[in-house]
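Single-structure report; data block below.
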Amino acid sequence: MSRPKRQRRPEDRPDEILDAALAVFTEQGFAAARVDDIAKRAGLSKGAVYLYFPSKEAMLNALVEQSAGLVAQSAERMVAAAAPGDPEQAFRAVLRMVLTVLSDPEVSAAPRLVLSEAPRFPELAAYYRTHVIDIGQRAFRALFAAGIERGRFRAVDADTAMRALMGPVIAHVLLTTVFNRPGDPQHDPAVMADALADIVLNGLKPRPGDVS
């Protein structure tokens, strides 16, 4: 007797489509990817795909929301909960979370796609700006403001501080994914985050008691 075929639940289909879309985008590039290829990879008809997502752009935007978007939202929640009490610990905790999550190539895949395609697709860049960058900036502005108010941080320009922090984060993600080579040292994201936080919080100048 043949085993009955497992029925696919409709509520699973959006995730299946997005998994297929990410695979096709990664293999072919966003511009060259076709909805037909995504549908075939997902085992659905093209019409079924359009029931859930009206375009390739909508799929990539949804992938961004599931990855970098959730990271930005988590950072904002962590800052709101912890920064008023101990802004330095909140700073370190947020940085650990961001680096740890984005060090996973599967999580960083959609953000990396947007970074590579943004110059040709400004609407993707605009969506990423609103749903990721603006939220992250808002979180760190609140964090810096709390630290300055409590006398734990010196008065700094929030946007400049944000760029000084996020540049190394992006570099870490790229070096562990796009530019990773066999034999490269595997850095623990939490350890890397603590080292980066120490450099940002204390700067590069020697401090009393440092041994050269």
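Order determines the names: the first chain of the structure tokens is A, the second B, and so forth; residues in each chain are numbered 1 upward, and ligands are numbered 1 upward as they are shown.
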
Test item: residues at most 12 Å from Ala33 in chain A, only C-alpha atoms, excluding those fewer than 2 positions along its chain, as a PyMOL selection string: chain A and resi 20-31+35-41+55-57+59-60

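Around Leu102 in chain A, within 8 Å and counting only C-alpha atoms, the residues found are Ala68, Ser108 and Val173 of chain A, once anything fewer than 6 positions away on its own chain is removed.
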
What does the file look like for those residues with N, CA and C atoms, as a PDB file, in the first residue's frame?
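Written output follows (out.pdb):
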ATOM      1  N   ALA A  68      17.475  41.219   9.010  1.00  0.00           N
ATOM      2  CA  ALA A  68      17.983  42.465   9.563  1.00  0.00           C
ATOM      3  C   ALA A  68      16.887  43.275  10.240  1.00  0.00           C
ATOM      4  N   SER A 108      22.365  36.748   7.326  1.00  0.00           N
ATOM      5  CA  SER A 108      22.894  37.938   6.656  1.00  0.00           C
ATOM      6  C   SER A 108      22.732  37.901   5.139  1.00  0.00           C
ATOM      7  N   VAL A 173      30.759  41.248   9.273  1.00  0.00           N
ATOM      8  CA  VAL A 173      29.833  40.381   8.543  1.00  0.00           C
ATOM      9  C   VAL A 173      30.391  40.020   7.175  1.00  0.00           C
TER      10      VAL A 173
END

Could you check which of A:Arg181, A:Arg154, A:Arg163, A:His172 is closest to Asn202 in chain A, using only C-alpha atoms?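 Using only C-alpha atoms, the shortest distance to Asn202 in chain A belongs to A:Arg154.
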
Identify all residues of range 1-209 of chain A in helix (DSSP H, G or I) (DSSP on the backbone) and supply them as JSON, numbers by chain. {"A": [10, 11, 12, 13, 14, 15, 16, 17, 18, 19, 20, 21, 22, 23, 24, 25, 26, 27, 28, 35, 36, 37, 38, 39, 40, 41, 42, 46, 47, 48, 49, 50, 51, 52, 56, 57, 58, 59, 60, 61, 62, 63, 64, 65, 66, 67, 68, 69, 70, 71, 72, 73, 74, 75, 76, 77, 78, 79, 80, 81, 82, 87, 88, 89, 90, 91, 92, 93, 94, 95, 96, 97, 98, 99, 100, 101, 102, 105, 106, 107, 108, 109, 110, 111, 112, 113, 114, 115, 116, 117, 122, 123, 124, 125, 126, 127, 128, 129, 130, 131, 132, 133, 134, 135, 136, 137, 138, 139, 140, 141, 142, 143, 144, 145, 146, 147, 148, 149, 158, 159, 160, 161, 162, 163, 164, 165, 166, 167, 168, 169, 170, 171, 172, 173, 174, 175, 176, 189, 190, 191, 192, 193, 194, 195, 196, 197, 198, 199, 200, 201, 202]}

Please provide as a PDB file with N, CA and C atoms, in the first residue's frame all residues within 7 Å of range 137-153 of chain A, with the sequence filter that same-chain residues fewer than 2 positions apart are discarded (counting only C-alpha atoms).
ATOM      1  N   ALA A  75      17.197  45.176  18.796  1.00  0.00           N
ATOM      2  CA  ALA A  75      18.113  46.165  19.365  1.00  0.00           C
ATOM      3  C   ALA A  75      17.334  47.300  20.021  1.00  0.00           C
ATOM      4  N   GLU A  76      16.287  47.748  19.364  1.00  0.00           N
ATOM      5  CA  GLU A  76      15.495  48.851  19.929  1.00  0.00           C
ATOM      6  C   GLU A  76      14.828  48.436  21.231  1.00  0.00           C
ATOM      7  N   VAL A  79      17.514  48.265  24.027  1.00  0.00           N
ATOM      8  CA  VAL A  79      17.911  49.603  24.482  1.00  0.00           C
ATOM      9  C   VAL A  79      16.837  50.185  25.389  1.00  0.00           C
ATOM     10  N   ALA A  83      18.975  50.425  28.674  1.00  0.00           N
ATOM     11  CA  ALA A  83      19.810  51.629  28.619  1.00  0.00           C
ATOM     12  C   ALA A  83      19.587  52.600  29.776  1.00  0.00           C
ATOM     13  N   PRO A  84      18.342  52.813  30.218  1.00  0.00           N
ATOM     14  CA  PRO A  84      18.170  53.763  31.331  1.00  0.00           C
ATOM     15  C   PRO A  84      18.898  53.335  32.600  1.00  0.00           C
ATOM     16  N   PRO A  87      23.674  52.060  30.644  1.00  0.00           N
ATOM     17  CA  PRO A  87      23.861  52.226  29.196  1.00  0.00           C
ATOM     18  C   PRO A  87      25.070  51.475  28.643  1.00  0.00           C
ATOM     19  N   ILE A 133      17.675  50.435   8.849  1.00  0.00           N
ATOM     20  CA  ILE A 133      18.643  51.467   9.257  1.00  0.00           C
ATOM     21  C   ILE A 133      18.014  52.496  10.177  1.00  0.00           C
ATOM     22  N   ASP A 134      16.837  53.004   9.828  1.00  0.00           N
ATOM     23  CA  ASP A 134      16.196  54.024  10.661  1.00  0.00           C
ATOM     24  C   ASP A 134      15.903  53.503  12.061  1.00  0.00           C
ATOM     25  N   ILE A 135      15.486  52.245  12.156  1.00  0.00           N
ATOM     26  CA  ILE A 135      15.198  51.651  13.472  1.00  0.00           C
ATOM     27  C   ILE A 135      16.486  51.508  14.277  1.00  0.00           C
ATOM     28  N   ALA A 155      29.673  63.650  25.659  1.00  0.00           N
ATOM     29  CA  ALA A 155      28.757  64.160  24.647  1.00  0.00           C
ATOM     30  C   ALA A 155      29.360  63.955  23.259  1.00  0.00           C
ATOM     31  N   ALA A 158      25.463  61.825  17.691  1.00  0.00           N
ATOM     32  CA  ALA A 158      24.898  60.480  17.613  1.00  0.00           C
ATOM     33  C   ALA A 158      25.119  59.837  16.248  1.00  0.00           C
ATOM     34  N   MET A 162      27.226  56.494  15.559  1.00  0.00           N
ATOM     35  CA  MET A 162      26.554  55.371  14.907  1.00  0.00           C
ATOM     36  C   MET A 162      27.398  54.829  13.759  1.00  0.00           C
TER      37      MET A 162
END

One decimal, Å: what's the distance from CA of Gly69 in chain A over to CA of Asp184 in chain A, could you say?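 Here the two named atoms are 28.7 Å from each other.
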
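What separates CA of Asp15 in chain A from CA of Val71 in chain A is a distance of 18.4 Å.
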
Who sits within 10 Å of Ala190 in chain A, only C-alpha atoms, same chain under 3 positions skipped, as a compact mmCIF listing (two decimals) with N, CA, C and O atoms, in the first residue's frame:
# COMPACT_ATOMS: atom_id res chain seq x y z
N ARG A 92 27.00 46.95 25.22
CA ARG A 92 27.70 45.69 24.99
C ARG A 92 26.73 44.57 24.62
O ARG A 92 27.01 43.75 23.73
N ALA A 93 25.58 44.52 25.29
CA ALA A 93 24.61 43.46 25.02
C ALA A 93 24.04 43.56 23.61
O ALA A 93 23.89 42.56 22.91
N LEU A 95 25.44 45.02 21.02
CA LEU A 95 26.49 44.71 20.06
C LEU A 95 26.72 43.20 19.96
O LEU A 95 26.91 42.66 18.86
N ARG A 96 26.69 42.50 21.09
CA ARG A 96 26.83 41.05 21.06
C ARG A 96 25.71 40.41 20.26
O ARG A 96 25.93 39.50 19.46
N MET A 97 24.48 40.86 20.51
CA MET A 97 23.34 40.30 19.80
C MET A 97 23.46 40.52 18.30
O MET A 97 23.28 39.59 17.50
N VAL A 98 23.77 41.73 17.90
CA VAL A 98 23.84 42.07 16.47
C VAL A 98 24.92 41.24 15.78
O VAL A 98 24.67 40.62 14.74
N LEU A 99 26.11 41.20 16.36
CA LEU A 99 27.21 40.47 15.73
C LEU A 99 26.96 38.97 15.70
O LEU A 99 27.26 38.29 14.71
N THR A 100 26.39 38.44 16.77
CA THR A 100 26.12 37.01 16.84
C THR A 100 25.10 36.59 15.80
O THR A 100 25.29 35.61 15.06
N HIS A 187 36.38 33.81 14.49
CA HIS A 187 36.20 34.63 15.68
C HIS A 187 34.84 34.38 16.32
O HIS A 187 33.81 34.36 15.63
N ALA A 193 32.47 41.16 19.66
CA ALA A 193 31.62 42.27 20.07
C ALA A 193 32.18 42.96 21.30
O ALA A 193 32.19 44.19 21.39
N ASP A 194 32.65 42.18 22.27
CA ASP A 194 33.23 42.78 23.48
C ASP A 194 34.49 43.58 23.15
O ASP A 194 34.71 44.66 23.70
N ALA A 195 35.33 43.05 22.26
CA ALA A 195 36.55 43.77 21.87
C ALA A 195 36.21 45.06 21.14
O ALA A 195 36.81 46.11 21.38
N LEU A 196 35.23 45.00 20.25
CA LEU A 196 34.81 46.19 19.52
C LEU A 196 34.21 47.22 20.48
O LEU A 196 34.50 48.42 20.37

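As for CA of Asn61 in chain A and CA of Ile17 in chain A, they are spaced 12.9 Å apart.
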